[in-house]
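input16.json (JSON, C-alpha atoms)
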```json
[["chain", "number", "residue", "atom", "x", "y", "z"],
["A", 1, "LEU", "CA", 13.97, -11.12, 10.60],
["A", 2, "TYR", "CA", 15.97, -13.93, 12.17],
["A", 3, "THR", "CA", 15.15, -16.36, 9.32],
["A", 4, "LEU", "CA", 16.31, -13.78, 6.78],
["A", 5, "VAL", "CA", 19.54, -13.12, 8.69],
["A", 6, "ASP", "CA", 20.08, -16.89, 8.93],
["A", 7, "SER", "CA", 19.85, -17.06, 5.15],
["A", 8, "ILE", "CA", 22.23, -14.12, 4.68],
["A", 9, "CYS", "CA", 24.86, -15.63, 6.98],
["A", 10, "ILE", "CA", 24.50, -19.11, 5.48],
["A", 11, "GLY", "CA", 24.76, -17.68, 1.96],
["A", 12, "GLN", "CA", 27.87, -15.65, 2.85],
["A", 13, "PHE", "CA", 29.77, -17.74, 5.40],
["A", 14, "ALA", "CA", 28.58, -21.41, 5.42],
["A", 15, "GLY", "CA", 31.44, -22.87, 3.41],
["A", 16, "ASP", "CA", 34.77, -22.03, 1.85],
["A", 17, "THR", "CA", 33.48, -21.81, -1.73],
["A", 18, "VAL", "CA", 30.45, -20.35, -3.46],
["A", 19, "GLU", "CA", 29.23, -23.86, -4.34],
["A", 20, "GLU", "CA", 29.37, -24.99, -0.71],
["A", 21, "ARG", "CA", 27.39, -21.95, 0.37],
["A", 22, "LYS", "CA", 24.78, -22.55, -2.34],
["A", 23, "ILE", "CA", 24.36, -26.15, -1.23],
["A", 24, "SER", "CA", 24.01, -25.06, 2.42],
["A", 25, "LEU", "CA", 21.40, -22.47, 1.49],
["A", 26, "ALA", "CA", 19.49, -25.05, -0.55],
["A", 27, "GLY", "CA", 19.67, -27.44, 2.42],
["A", 28, "GLN", "CA", 18.07, -24.77, 4.60],
["A", 29, "SER", "CA", 15.33, -24.33, 1.98],
["A", 30, "PHE", "CA", 14.51, -28.05, 2.13],
["A", 31, "ALA", "CA", 14.56, -28.04, 5.96],
["A", 32, "SER", "CA", 12.46, -24.87, 6.26],
["A", 33, "PRO", "CA", 9.06, -26.59, 5.69],
["A", 34, "ILE", "CA", 9.72, -28.93, 8.63],
["A", 35, "GLU", "CA", 10.53, -25.93, 10.81],
["A", 36, "MET", "CA", 7.49, -23.95, 9.64],
["A", 37, "CYS", "CA", 4.90, -26.74, 9.33],
["A", 38, "ILE", "CA", 5.77, -28.93, 12.30],
["A", 39, "ILE", "CA", 7.94, -27.08, 14.81],
["A", 40, "VAL", "CA", 6.35, -23.62, 14.48],
["A", 41, "GLY", "CA", 2.92, -24.72, 13.20],
["A", 42, "LEU", "CA", 2.18, -27.06, 16.10],
["A", 43, "SER", "CA", 3.49, -24.60, 18.69],
["A", 44, "LEU", "CA", 1.06, -21.95, 17.39],
["A", 45, "ILE", "CA", -2.01, -24.03, 18.21],
["A", 46, "PHE", "CA", -1.27, -23.47, 21.91],
["A", 47, "ALA", "CA", 0.43, -20.08, 21.59],
["A", 48, "GLN", "CA", -2.29, -18.39, 19.53],
["A", 49, "GLY", "CA", -4.98, -20.28, 21.40],
["A", 50, "GLY", "CA", -3.77, -19.41, 24.88],
["A", 51, "GLY", "CA", -3.26, -15.67, 24.23],
["A", 52, "PRO", "CA", -6.81, -14.67, 23.15],
["A", 53, "LEU", "CA", -8.41, -17.05, 25.65],
["A", 54, "TYR", "CA", -6.31, -15.55, 28.45],
["A", 55, "GLY", "CA", -7.42, -12.06, 27.42],
["A", 56, "ARG", "CA", -11.05, -13.15, 27.30],
["A", 57, "TYR", "CA", -10.99, -14.42, 30.89],
["A", 58, "LEU", "CA", -9.18, -11.29, 32.04],
["A", 59, "GLY", "CA", -12.01, -9.31, 30.48],
["A", 60, "ARG", "CA", -14.48, -11.36, 32.54],
["A", 61, "ARG", "CA", -12.45, -10.59, 35.67],
["A", 62, "ASP", "CA", -12.04, -14.36, 36.11],
["A", 63, "GLU", "CA", -8.45, -14.33, 37.37],
["A", 64, "LYS", "CA", -8.51, -17.97, 38.48],
["A", 65, "THR", "CA", -9.36, -19.32, 35.03],
["A", 66, "ALA", "CA", -6.98, -16.82, 33.41],
["A", 67, "ARG", "CA", -4.14, -18.25, 35.52],
["A", 68, "ARG", "CA", -5.13, -21.77, 34.53],
["A", 69, "VAL", "CA", -5.10, -20.82, 30.84],
["A", 70, "VAL", "CA", -1.50, -19.61, 31.22],
["A", 71, "GLY", "CA", -0.51, -22.66, 33.30],
["A", 72, "ASN", "CA", -2.12, -25.14, 30.92],
["A", 73, "THR", "CA", -0.50, -23.42, 27.94],
["A", 74, "PHE", "CA", 2.87, -23.93, 29.63],
["A", 75, "THR", "CA", 2.05, -27.58, 30.37],
["A", 76, "MET", "CA", 1.11, -28.31, 26.77],
["A", 77, "ASP", "CA", 4.27, -26.49, 25.60],
["A", 78, "ILE", "CA", 6.34, -28.90, 27.71],
["A", 79, "ILE", "CA", 4.46, -32.02, 26.58],
["A", 80, "LEU", "CA", 4.60, -31.03, 22.90],
["A", 81, "GLY", "CA", 8.31, -30.20, 23.18],
["A", 82, "ILE", "CA", 9.12, -33.61, 24.67],
["A", 83, "VAL", "CA", 7.05, -35.51, 22.09],
["A", 84, "MET", "CA", 8.55, -33.61, 19.16],
["A", 85, "ALA", "CA", 12.11, -34.09, 20.44],
["A", 86, "ILE", "CA", 11.49, -37.86, 20.50],
["A", 87, "VAL", "CA", 9.45, -38.35, 17.33],
["A", 88, "LEU", "CA", 10.85, -35.85, 14.81],
["A", 89, "PRO", "CA", 14.48, -37.10, 14.74],
["A", 90, "LEU", "CA", 13.17, -40.58, 13.91],
["A", 91, "ILE", "CA", 11.46, -39.42, 10.72],
["A", 92, "ALA", "CA", 13.53, -36.33, 9.85],
["A", 93, "GLU", "CA", 15.72, -37.89, 7.15],
["A", 94, "TRP", "CA", 12.72, -39.52, 5.47],
["A", 95, "LEU", "CA", 10.87, -36.17, 5.50],
["A", 96, "LEU", "CA", 13.85, -34.31, 4.03],
["A", 97, "VAL", "CA", 14.21, -36.82, 1.19],
["A", 98, "LEU", "CA", 10.47, -36.60, 0.57],
["A", 99, "LEU", "CA", 10.77, -32.80, 0.39],
["A", 100, "GLY", "CA", 13.53, -33.03, -2.23],
["A", 101, "ALA", "CA", 16.86, -33.09, -0.38],
["A", 102, "SER", "CA", 19.29, -35.66, -1.76],
["A", 103, "GLU", "CA", 22.75, -37.06, -1.15],
["A", 104, "ALA", "CA", 23.56, -36.86, -4.86],
["A", 105, "ALA", "CA", 23.03, -33.09, -4.89],
["A", 106, "GLY", "CA", 24.75, -32.73, -1.52],
["A", 107, "THR", "CA", 21.73, -31.02, 0.08],
["A", 108, "LEU", "CA", 20.67, -33.77, 2.49],
["A", 109, "GLU", "CA", 23.57, -33.43, 4.93],
["A", 110, "PRO", "CA", 23.35, -29.63, 5.42],
["A", 111, "ALA", "CA", 19.57, -29.90, 5.76],
["A", 112, "LYS", "CA", 20.03, -32.46, 8.53],
["A", 113, "LYS", "CA", 22.67, -30.34, 10.27],
["A", 114, "TYR", "CA", 20.28, -27.39, 10.29],
["A", 115, "ILE", "CA", 17.04, -29.07, 11.33],
["A", 116, "TYR", "CA", 18.17, -31.67, 13.90],
["A", 117, "PRO", "CA", 19.24, -29.17, 16.60],
["A", 118, "LEU", "CA", 15.97, -27.27, 16.10],
["A", 119, "MET", "CA", 13.96, -30.45, 16.61],
["A", 120, "TYR", "CA", 15.57, -31.07, 19.98],
["A", 121, "ALA", "CA", 14.91, -27.43, 20.88],
["A", 122, "ASP", "CA", 11.19, -27.59, 20.03],
["A", 123, "ILE", "CA", 10.24, -26.78, 23.64],
["A", 124, "LEU", "CA", 12.04, -23.42, 23.31],
["A", 125, "TYR", "CA", 9.96, -22.51, 20.25],
["A", 126, "ASN", "CA", 6.84, -23.39, 22.21],
["A", 127, "PHE", "CA", 7.69, -21.21, 25.19],
["A", 128, "CYS", "CA", 8.88, -18.30, 23.05],
["A", 129, "TYR", "CA", 5.72, -18.15, 20.93],
["A", 130, "GLY", "CA", 3.51, -19.09, 23.90],
["A", 131, "THR", "CA", 4.72, -16.39, 26.28],
["A", 132, "ASN", "CA", 4.76, -13.83, 23.45],
["A", 133, "ASN", "CA", 1.10, -14.43, 22.62],
["A", 134, "LEU", "CA", 0.07, -14.57, 26.28],
["A", 135, "MET", "CA", 1.72, -11.18, 26.84],
["A", 136, "ARG", "CA", -0.28, -9.75, 23.97],
["A", 137, "GLY", "CA", -3.40, -11.37, 25.46],
["A", 138, "GLU", "CA", -3.12, -9.18, 28.53],
["A", 139, "GLY", "CA", -2.14, -6.08, 26.55],
["A", 140, "ALA", "CA", 1.54, -6.07, 27.55],
["A", 141, "ALA", "CA", 2.62, -4.97, 24.08],
["A", 142, "LEU", "CA", 5.95, -3.47, 25.16],
["A", 143, "TYR", "CA", 7.05, -6.70, 26.86],
["A", 144, "SER", "CA", 5.84, -8.80, 23.92],
["A", 145, "CYS", "CA", 7.79, -6.61, 21.51],
["A", 146, "SER", "CA", 10.87, -6.75, 23.75],
["A", 147, "LEU", "CA", 10.75, -10.54, 23.82],
["A", 148, "MET", "CA", 10.80, -10.81, 20.03],
["A", 149, "LEU", "CA", 13.50, -8.14, 19.71],
["A", 150, "ILE", "CA", 15.67, -10.04, 22.20],
["A", 151, "SER", "CA", 15.26, -13.18, 20.10],
["A", 152, "ALA", "CA", 16.04, -11.45, 16.79],
["A", 153, "ILE", "CA", 19.04, -9.42, 17.98],
["A", 154, "ILE", "CA", 20.70, -12.30, 19.86],
["A", 155, "ASN", "CA", 20.17, -14.59, 16.87],
["A", 156, "MET", "CA", 21.81, -12.10, 14.50],
["A", 157, "ILE", "CA", 24.80, -11.61, 16.80],
["A", 158, "PHE", "CA", 25.44, -15.33, 17.21],
["A", 159, "ASP", "CA", 24.87, -15.98, 13.50],
["A", 160, "PHE", "CA", 27.90, -13.83, 12.73],
["A", 161, "ILE", "CA", 29.95, -15.30, 15.61],
["A", 162, "PHE", "CA", 29.23, -18.94, 14.77],
["A", 163, "LEU", "CA", 29.38, -18.72, 10.98],
["A", 164, "LYS", "CA", 31.84, -15.96, 10.18],
["A", 165, "PHE", "CA", 34.31, -16.21, 13.05],
["A", 166, "LEU", "CA", 34.00, -19.83, 14.29],
["A", 167, "GLY", "CA", 33.23, -21.41, 10.90],
["A", 168, "LEU", "CA", 30.49, -23.74, 12.19],
["A", 169, "GLY", "CA", 28.64, -23.66, 8.88],
["A", 170, "ILE", "CA", 24.89, -24.14, 8.59],
["A", 171, "GLN", "CA", 24.75, -25.83, 11.99],
["A", 172, "GLY", "CA", 25.95, -22.55, 13.51],
["A", 173, "ALA", "CA", 22.74, -20.87, 12.30],
["A", 174, "ALA", "CA", 20.70, -23.49, 14.15],
["A", 175, "PHE", "CA", 22.76, -23.02, 17.32],
["A", 176, "ALA", "CA", 22.29, -19.24, 17.09],
["A", 177, "THR", "CA", 18.53, -19.74, 16.85],
["A", 178, "ILE", "CA", 18.54, -22.01, 19.89],
["A", 179, "ILE", "CA", 20.49, -19.52, 22.01],
["A", 180, "ALA", "CA", 18.11, -16.74, 20.95],
["A", 181, "TYR", "CA", 15.09, -18.80, 21.98],
["A", 182, "ILE", "CA", 16.68, -19.74, 25.30],
["A", 183, "CYS", "CA", 17.04, -16.05, 26.13],
["A", 184, "SER", "CA", 13.58, -15.04, 24.92],
["A", 185, "SER", "CA", 11.87, -18.01, 26.63],
["A", 186, "SER", "CA", 13.63, -17.18, 29.89],
["A", 187, "PHE", "CA", 12.44, -13.58, 29.60],
["A", 188, "GLY", "CA", 8.87, -14.74, 28.91],
["A", 189, "LEU", "CA", 8.79, -17.18, 31.83],
["A", 190, "TYR", "CA", 10.24, -14.55, 34.16],
["A", 191, "PHE", "CA", 7.41, -12.19, 33.17],
["A", 192, "PHE", "CA", 4.71, -14.67, 34.17],
["A", 193, "LEU", "CA", 6.44, -15.95, 37.31],
["A", 194, "SER", "CA", 7.06, -12.43, 38.62],
["A", 195, "LYS", "CA", 4.64, -9.66, 39.57],
["A", 196, "ARG", "CA", 4.90, -7.99, 36.17],
["A", 197, "SER", "CA", 2.00, -9.90, 34.61],
["A", 198, "ALA", "CA", -1.71, -9.53, 35.33],
["A", 199, "VAL", "CA", -1.65, -12.94, 37.06],
["A", 200, "ILE", "CA", 1.05, -14.89, 38.89],
["A", 201, "VAL", "CA", 1.13, -18.51, 37.73],
["A", 202, "ARG", "CA", 1.37, -21.22, 40.38],
["A", 203, "LEU", "CA", 2.30, -24.88, 39.99],
["A", 204, "LYS", "CA", -1.28, -26.01, 40.59],
["A", 205, "ASP", "CA", -2.35, -23.91, 37.58],
["A", 206, "MET", "CA", -0.24, -26.19, 35.38],
["A", 207, "ILE", "CA", -2.27, -29.31, 36.22],
["A", 208, "PRO", "CA", -3.92, -30.25, 32.91],
["A", 209, "ASP", "CA", -7.58, -29.33, 32.61],
["A", 210, "TRP", "CA", -8.41, -31.15, 29.39],
["A", 211, "LYS", "CA", -11.61, -29.22, 28.81],
["A", 212, "LEU", "CA", -9.59, -26.01, 28.98],
["A", 213, "VAL", "CA", -6.84, -27.52, 26.80],
["A", 214, "LEU", "CA", -9.42, -28.34, 24.12],
["A", 215, "GLU", "CA", -10.71, -24.78, 24.33],
["A", 216, "ILE", "CA", -7.16, -23.48, 23.86],
["A", 217, "MET", "CA", -6.63, -25.77, 20.86],
["A", 218, "ASN", "CA", -9.95, -24.78, 19.31],
["A", 219, "THR", "CA", -9.07, -21.10, 19.63],
["A", 220, "GLY", "CA", -5.55, -21.62, 18.27],
["A", 221, "LEU", "CA", -6.48, -23.83, 15.32],
["A", 222, "SER", "CA", -6.37, -20.92, 12.88],
["A", 223, "GLY", "CA", -2.85, -20.03, 14.07],
["A", 224, "MET", "CA", -1.67, -23.56, 13.37],
["A", 225, "VAL", "CA", -3.23, -23.43, 9.89],
["A", 226, "ILE", "CA", -1.34, -20.18, 9.16],
["A", 227, "GLY", "CA", 1.93, -21.84, 10.23],
["A", 228, "LEU", "CA", 1.17, -24.87, 8.07],
["A", 229, "SER", "CA", 0.28, -22.72, 5.07],
["A", 230, "ASN", "CA", 3.62, -20.89, 5.25],
["A", 231, "GLY", "CA", 5.45, -24.22, 5.18],
["A", 232, "ILE", "CA", 3.26, -25.59, 2.40],
["A", 233, "MET", "CA", 4.03, -22.54, 0.25],
["A", 234, "THR", "CA", 7.75, -23.31, 0.59],
["A", 235, "ILE", "CA", 7.17, -26.98, -0.25],
["A", 236, "VAL", "CA", 5.22, -26.04, -3.40],
["A", 237, "SER", "CA", 7.89, -23.53, -4.42],
["A", 238, "ASN", "CA", 10.69, -26.09, -4.00],
["A", 239, "GLN", "CA", 8.77, -28.75, -5.92],
["A", 240, "LEU", "CA", 8.05, -26.36, -8.79],
["A", 241, "VAL", "CA", 11.76, -25.63, -9.10],
["A", 242, "LEU", "CA", 12.73, -29.32, -8.91],
["A", 243, "ASN", "CA", 10.15, -30.49, -11.43],
["A", 244, "PHE", "CA", 10.28, -27.66, -13.96],
["A", 245, "SER", "CA", 13.97, -26.80, -13.92],
["A", 246, "PRO", "CA", 15.56, -27.27, -17.38],
["A", 247, "TYR", "CA", 18.39, -29.08, -15.61],
["A", 248, "PRO", "CA", 18.42, -32.43, -13.74],
["A", 249, "ARG", "CA", 17.19, -32.38, -10.10],
["A", 250, "ASP", "CA", 20.70, -32.91, -8.72],
["A", 251, "ASP", "CA", 22.40, -30.45, -11.06],
["A", 252, "PRO", "CA", 24.27, -27.57, -9.34],
["A", 253, "LEU", "CA", 22.16, -25.05, -11.26],
["A", 254, "THR", "CA", 18.95, -26.58, -9.88],
["A", 255, "VAL", "CA", 20.46, -26.50, -6.38],
["A", 256, "ALA", "CA", 21.27, -22.82, -6.91],
["A", 257, "ALA", "CA", 17.66, -22.17, -7.99],
["A", 258, "ILE", "CA", 16.38, -23.87, -4.81],
["A", 259, "ALA", "CA", 18.72, -21.71, -2.72],
["A", 260, "ALA", "CA", 17.46, -18.55, -4.43],
["A", 261, "SER", "CA", 13.81, -19.56, -4.19],
["A", 262, "GLY", "CA", 14.10, -20.28, -0.46],
["A", 263, "SER", "CA", 15.78, -16.93, 0.17],
["A", 264, "LEU", "CA", 13.04, -15.07, -1.72],
["A", 265, "SER", "CA", 10.28, -16.82, 0.24],
["A", 266, "ARG", "CA", 11.85, -15.63, 3.50],
["A", 267, "MET", "CA", 12.03, -12.08, 2.15],
["A", 268, "GLN", "CA", 8.31, -12.19, 1.40],
["A", 269, "TYR", "CA", 7.50, -12.42, 5.12],
["A", 270, "PHE", "CA", 8.34, -8.71, 5.36],
["A", 271, "LEU", "CA", 5.39, -7.92, 3.09],
["A", 272, "PHE", "CA", 3.01, -9.21, 5.77],
["A", 273, "ILE", "CA", 4.45, -7.21, 8.67],
["A", 274, "PRO", "CA", 1.86, -4.34, 8.48],
["A", 275, "ILE", "CA", -1.07, -6.79, 8.30],
["A", 276, "ASN", "CA", 0.30, -8.95, 11.11],
["A", 277, "SER", "CA", 0.82, -5.94, 13.37],
["A", 278, "ILE", "CA", -2.81, -4.86, 12.97],
["A", 279, "ALA", "CA", -4.13, -8.41, 13.37],
["A", 280, "HIS", "CA", -2.06, -9.17, 16.48],
["A", 281, "GLY", "CA", -3.20, -5.99, 18.21],
["A", 282, "CYS", "CA", -6.81, -6.47, 17.16],
["A", 283, "VAL", "CA", -7.06, -10.10, 18.32],
["A", 284, "ALA", "CA", -5.94, -9.20, 21.85],
["A", 285, "LEU", "CA", -8.38, -6.28, 22.02],
["A", 286, "LEU", "CA", -11.29, -8.30, 20.60],
["A", 287, "ALA", "CA", -10.69, -11.14, 23.07],
["A", 288, "TYR", "CA", -10.72, -8.77, 26.05],
["A", 289, "CYS", "CA", -13.82, -6.92, 24.82],
["A", 290, "ARG", "CA", -15.67, -10.18, 24.29],
["A", 291, "GLY", "CA", -14.87, -11.34, 27.81],
["A", 292, "ALA", "CA", -15.86, -7.96, 29.30],
["A", 293, "LYS", "CA", -19.01, -7.85, 27.09],
["A", 294, "LEU", "CA", -17.98, -4.48, 25.64],
["A", 295, "SER", "CA", -19.92, -5.03, 22.43],
["A", 296, "LYS", "CA", -19.64, -1.48, 21.10],
["A", 297, "ARG", "CA", -15.86, -1.39, 21.58],
["A", 298, "PHE", "CA", -15.63, -4.89, 20.03],
["A", 299, "VAL", "CA", -17.41, -3.71, 16.86],
["A", 300, "ASN", "CA", -15.29, -0.54, 16.67],
["A", 301, "ALA", "CA", -12.06, -2.55, 16.98],
["A", 302, "LEU", "CA", -13.21, -4.99, 14.31],
["A", 303, "ARG", "CA", -14.11, -2.11, 12.00],
["A", 304, "VAL", "CA", -10.65, -0.57, 12.41],
["A", 305, "CYS", "CA", -9.03, -3.93, 11.63],
["A", 306, "LEU", "CA", -11.11, -4.56, 8.49],
["A", 307, "GLN", "CA", -10.60, -1.01, 7.21],
["A", 308, "SER", "CA", -6.85, -1.00, 7.86],
["A", 309, "CYS", "CA", -5.84, -4.40, 6.45],
["A", 310, "PRO", "CA", -6.81, -3.71, 2.80],
["A", 311, "GLN", "CA", -4.75, -0.50, 2.91]]
```
As structure tokens - that is how I would like this structure written.
Amino acid sequence: LYTLVDSICIGQFAGDTVEERKISLAGQSFASPIEMCIIVGLSLIFAQGGGPLYGRYLGRRDEKTARRVVGNTFTMDIILGIVMAIVLPLIAEWLLVLLGASEAAGTLEPAKKYIYPLMYADILYNFCYGTNNLMRGEGAALYSCSLMLISAIINMIFDFIFLKFLGLGIQGAAFATIIAYICSSSFGLYFFLSKRSAVIVRLKDMIPDWKLVLEIMNTGLSGMVIGLSNGIMTIVSNQLVLNFSPYPRDDPLTVAAIAASGSLSRMQYFLFIPINSIAHGCVALLAYCRGAKLSKRFVNALRVCLQSCPQ
């Protein structure tokens, strides 16, 4: 929802003229694959790896290892956030040009204004997705849902404040996203550092256990692939427009087509909401049942998932 609202606010308020707003929206479309493939995609390898693994150890009644899964997920979130904040800004402009943004069309500068703040805030993405998936891993669905609602609502509010009332342009959408993730990450960390979670994480649980880290990464590999595939779909869509448009690549009409294509791709995420809701609930349940060796319940949950998704 927040990506769609970002697009709405950029398309309506990021500039004084229609052309400026089109260029800003196209810039977001070129920057979106970096956000989806790298920032979100890499965070999901730990987020969607830690959650099911945490639930599995809870099912085994192995609280010590469950705590270490949470702690090591947090540690890798920090390390990944630091590395990305250092490396990504060094190659961002080259990546944007490679993806189709250009100075001649005017799309490179808004793309940079949108993606650079998000690169420095990579650690917030990691903690938001990480704590959300860990909550689901222990069956705390209400808290997990609340975390994502906090993020979406705060982002929408600040989108309007920054773009419509303060006139910050496309960069305002990035700042709104960062503020939303600060709030949701704080909520997630509070959950695991308080007595609300199934385990209370201690500092010693954050000491890297590389065998456990590899297990987290192995479990979360599919989540990373899903994040990458979403970004790759946007890249392919943008390249099809650029290469098969009847107008030159830097023509305003091609830029408008890129803006429209990017907006449509973000609308398509809504089509997957029913499937994602079933899958997210099923993964947490399957992980717990596997750890607790509840084979009959495991099979029943899997059957429900497979029967429901096609519908």
Between atom CA of A:Val283 and atom CA of A:Leu1 - distance in Å to one decimal: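 Between atom CA of A:Leu1 and atom CA of A:Val283 the gap is 22.4 Å.
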Expected residue set, 12 Å radius at (19.4, -25.7, -6.5), all atoms listed in the file, as a PyMOL selection string: chain A and resi 19-30+100-102+105-107+237-263
Next, dump the selected residues to file, keeping only C-alpha atoms, as a PDB file, in the coordinates of the input.
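For reference, result37.pdb as written:
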```pdb
ATOM      1  CA  GLU A  19      29.230 -23.860  -4.340  1.00  0.00           C
ATOM      2  CA  GLU A  20      29.370 -24.990  -0.710  1.00  0.00           C
ATOM      3  CA  ARG A  21      27.390 -21.950   0.370  1.00  0.00           C
ATOM      4  CA  LYS A  22      24.780 -22.550  -2.340  1.00  0.00           C
ATOM      5  CA  ILE A  23      24.360 -26.150  -1.230  1.00  0.00           C
ATOM      6  CA  SER A  24      24.010 -25.060   2.420  1.00  0.00           C
ATOM      7  CA  LEU A  25      21.400 -22.470   1.490  1.00  0.00           C
ATOM      8  CA  ALA A  26      19.490 -25.050  -0.550  1.00  0.00           C
ATOM      9  CA  GLY A  27      19.670 -27.440   2.420  1.00  0.00           C
ATOM     10  CA  GLN A  28      18.070 -24.770   4.600  1.00  0.00           C
ATOM     11  CA  SER A  29      15.330 -24.330   1.980  1.00  0.00           C
ATOM     12  CA  PHE A  30      14.510 -28.050   2.130  1.00  0.00           C
ATOM     13  CA  GLY A 100      13.530 -33.030  -2.230  1.00  0.00           C
ATOM     14  CA  ALA A 101      16.860 -33.090  -0.380  1.00  0.00           C
ATOM     15  CA  SER A 102      19.290 -35.660  -1.760  1.00  0.00           C
ATOM     16  CA  ALA A 105      23.030 -33.090  -4.890  1.00  0.00           C
ATOM     17  CA  GLY A 106      24.750 -32.730  -1.520  1.00  0.00           C
ATOM     18  CA  THR A 107      21.730 -31.020   0.080  1.00  0.00           C
ATOM     19  CA  SER A 237       7.890 -23.530  -4.420  1.00  0.00           C
ATOM     20  CA  ASN A 238      10.690 -26.090  -4.000  1.00  0.00           C
ATOM     21  CA  GLN A 239       8.770 -28.750  -5.920  1.00  0.00           C
ATOM     22  CA  LEU A 240       8.050 -26.360  -8.790  1.00  0.00           C
ATOM     23  CA  VAL A 241      11.760 -25.630  -9.100  1.00  0.00           C
ATOM     24  CA  LEU A 242      12.730 -29.320  -8.910  1.00  0.00           C
ATOM     25  CA  ASN A 243      10.150 -30.490 -11.430  1.00  0.00           C
ATOM     26  CA  PHE A 244      10.280 -27.660 -13.960  1.00  0.00           C
ATOM     27  CA  SER A 245      13.970 -26.800 -13.920  1.00  0.00           C
ATOM     28  CA  PRO A 246      15.560 -27.270 -17.380  1.00  0.00           C
ATOM     29  CA  TYR A 247      18.390 -29.080 -15.610  1.00  0.00           C
ATOM     30  CA  PRO A 248      18.420 -32.430 -13.740  1.00  0.00           C
ATOM     31  CA  ARG A 249      17.190 -32.380 -10.100  1.00  0.00           C
ATOM     32  CA  ASP A 250      20.700 -32.910  -8.720  1.00  0.00           C
ATOM     33  CA  ASP A 251      22.400 -30.450 -11.060  1.00  0.00           C
ATOM     34  CA  PRO A 252      24.270 -27.570  -9.340  1.00  0.00           C
ATOM     35  CA  LEU A 253      22.160 -25.050 -11.260  1.00  0.00           C
ATOM     36  CA  THR A 254      18.950 -26.580  -9.880  1.00  0.00           C
ATOM     37  CA  VAL A 255      20.460 -26.500  -6.380  1.00  0.00           C
ATOM     38  CA  ALA A 256      21.270 -22.820  -6.910  1.00  0.00           C
ATOM     39  CA  ALA A 257      17.660 -22.170  -7.990  1.00  0.00           C
ATOM     40  CA  ILE A 258      16.380 -23.870  -4.810  1.00  0.00           C
ATOM     41  CA  ALA A 259      18.720 -21.710  -2.720  1.00  0.00           C
ATOM     42  CA  ALA A 260      17.460 -18.550  -4.430  1.00  0.00           C
ATOM     43  CA  SER A 261      13.810 -19.560  -4.190  1.00  0.00           C
ATOM     44  CA  GLY A 262      14.100 -20.280  -0.460  1.00  0.00           C
ATOM     45  CA  SER A 263      15.780 -16.930   0.170  1.00  0.00           C
TER      46      SER A 263
END
```
Atom CA of A:Glu215 to atom CA of A:Ile275, straight-line distance in Å: 26.0 Å
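Minimum atom-to-atom distance to A:Ser7, evaluated using all atoms listed in the file, belongs to A:Met267 out of A:Leu285, A:Ile157, A:Met267, A:Val199.
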Contact residues around A:Ala47 with only C-alpha atoms at 9 Å, ignoring same-chain residues under 6 positions, as a ChimeraX atom specification: /A:73,77,126-134,216,220,223
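Compared by their closest atoms to A:Ile153, and using only C-alpha atoms, the residues A:Ile170, A:Ser185, A:Ala180, A:Ala14 rank with A:Ala180 nearest.
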Radius query 12 Å about (8.1, -13.4, 29.7), atoms used: all atoms listed in the file, as an MDAnalysis selection string: chainID A and resid 70 74 127:136 140:148 150:151 181:198 200:201
Might you pull out every residue within 12 Å of A:Leu118, with all atoms listed in the file counted and same-chain residues fewer than 2 positions away left off, and present them as a tab-separated table (two decimals) with C-alpha atoms, in the frame of the given file?
```
chain	number	residue	atom	x	y	z
A	28	GLN	CA	18.07	-24.77	4.60
A	31	ALA	CA	14.56	-28.04	5.96
A	32	SER	CA	12.46	-24.87	6.26
A	34	ILE	CA	9.72	-28.93	8.63
A	35	GLU	CA	10.53	-25.93	10.81
A	36	MET	CA	7.49	-23.95	9.64
A	38	ILE	CA	5.77	-28.93	12.30
A	39	ILE	CA	7.94	-27.08	14.81
A	40	VAL	CA	6.35	-23.62	14.48
A	81	GLY	CA	8.31	-30.20	23.18
A	84	MET	CA	8.55	-33.61	19.16
A	85	ALA	CA	12.11	-34.09	20.44
A	88	LEU	CA	10.85	-35.85	14.81
A	89	PRO	CA	14.48	-37.10	14.74
A	92	ALA	CA	13.53	-36.33	9.85
A	111	ALA	CA	19.57	-29.90	5.76
A	112	LYS	CA	20.03	-32.46	8.53
A	113	LYS	CA	22.67	-30.34	10.27
A	114	TYR	CA	20.28	-27.39	10.29
A	115	ILE	CA	17.04	-29.07	11.33
A	116	TYR	CA	18.17	-31.67	13.90
A	120	TYR	CA	15.57	-31.07	19.98
A	121	ALA	CA	14.91	-27.43	20.88
A	122	ASP	CA	11.19	-27.59	20.03
A	123	ILE	CA	10.24	-26.78	23.64
A	124	LEU	CA	12.04	-23.42	23.31
A	125	TYR	CA	9.96	-22.51	20.25
A	126	ASN	CA	6.84	-23.39	22.21
A	171	GLN	CA	24.75	-25.83	11.99
A	172	GLY	CA	25.95	-22.55	13.51
A	173	ALA	CA	22.74	-20.87	12.30
A	174	ALA	CA	20.70	-23.49	14.15
A	175	PHE	CA	22.76	-23.02	17.32
A	176	ALA	CA	22.29	-19.24	17.09
A	177	THR	CA	18.53	-19.74	16.85
A	178	ILE	CA	18.54	-22.01	19.89
A	179	ILE	CA	20.49	-19.52	22.01
A	180	ALA	CA	18.11	-16.74	20.95
A	181	TYR	CA	15.09	-18.80	21.98
A	182	ILE	CA	16.68	-19.74	25.30
```
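Separating atom CA of A:Gly291 from atom CA of A:Arg68 is a distance of 15.8 Å.
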Among the residues A:Asn230, A:Val213, A:Cys282, A:Ala292, the one that comes closest to A:Gln307 [using only C-alpha atoms]: A:Cys282
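The smallest atom-to-atom distance between A:Leu98 and any of A:Ile235, A:Leu286, A:Leu58, A:Leu302, using all atoms listed in the file, is found for A:Ile235.
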From A:Ile226, A:Ala301, A:Leu163, A:Leu96, residue lying nearest A:Ala287 [only C-alpha atoms]: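 Checking each of A:Ile226, A:Ala301, A:Leu163, A:Leu96 against A:Ala287, counting only C-alpha atoms, the winner is A:Ala301.
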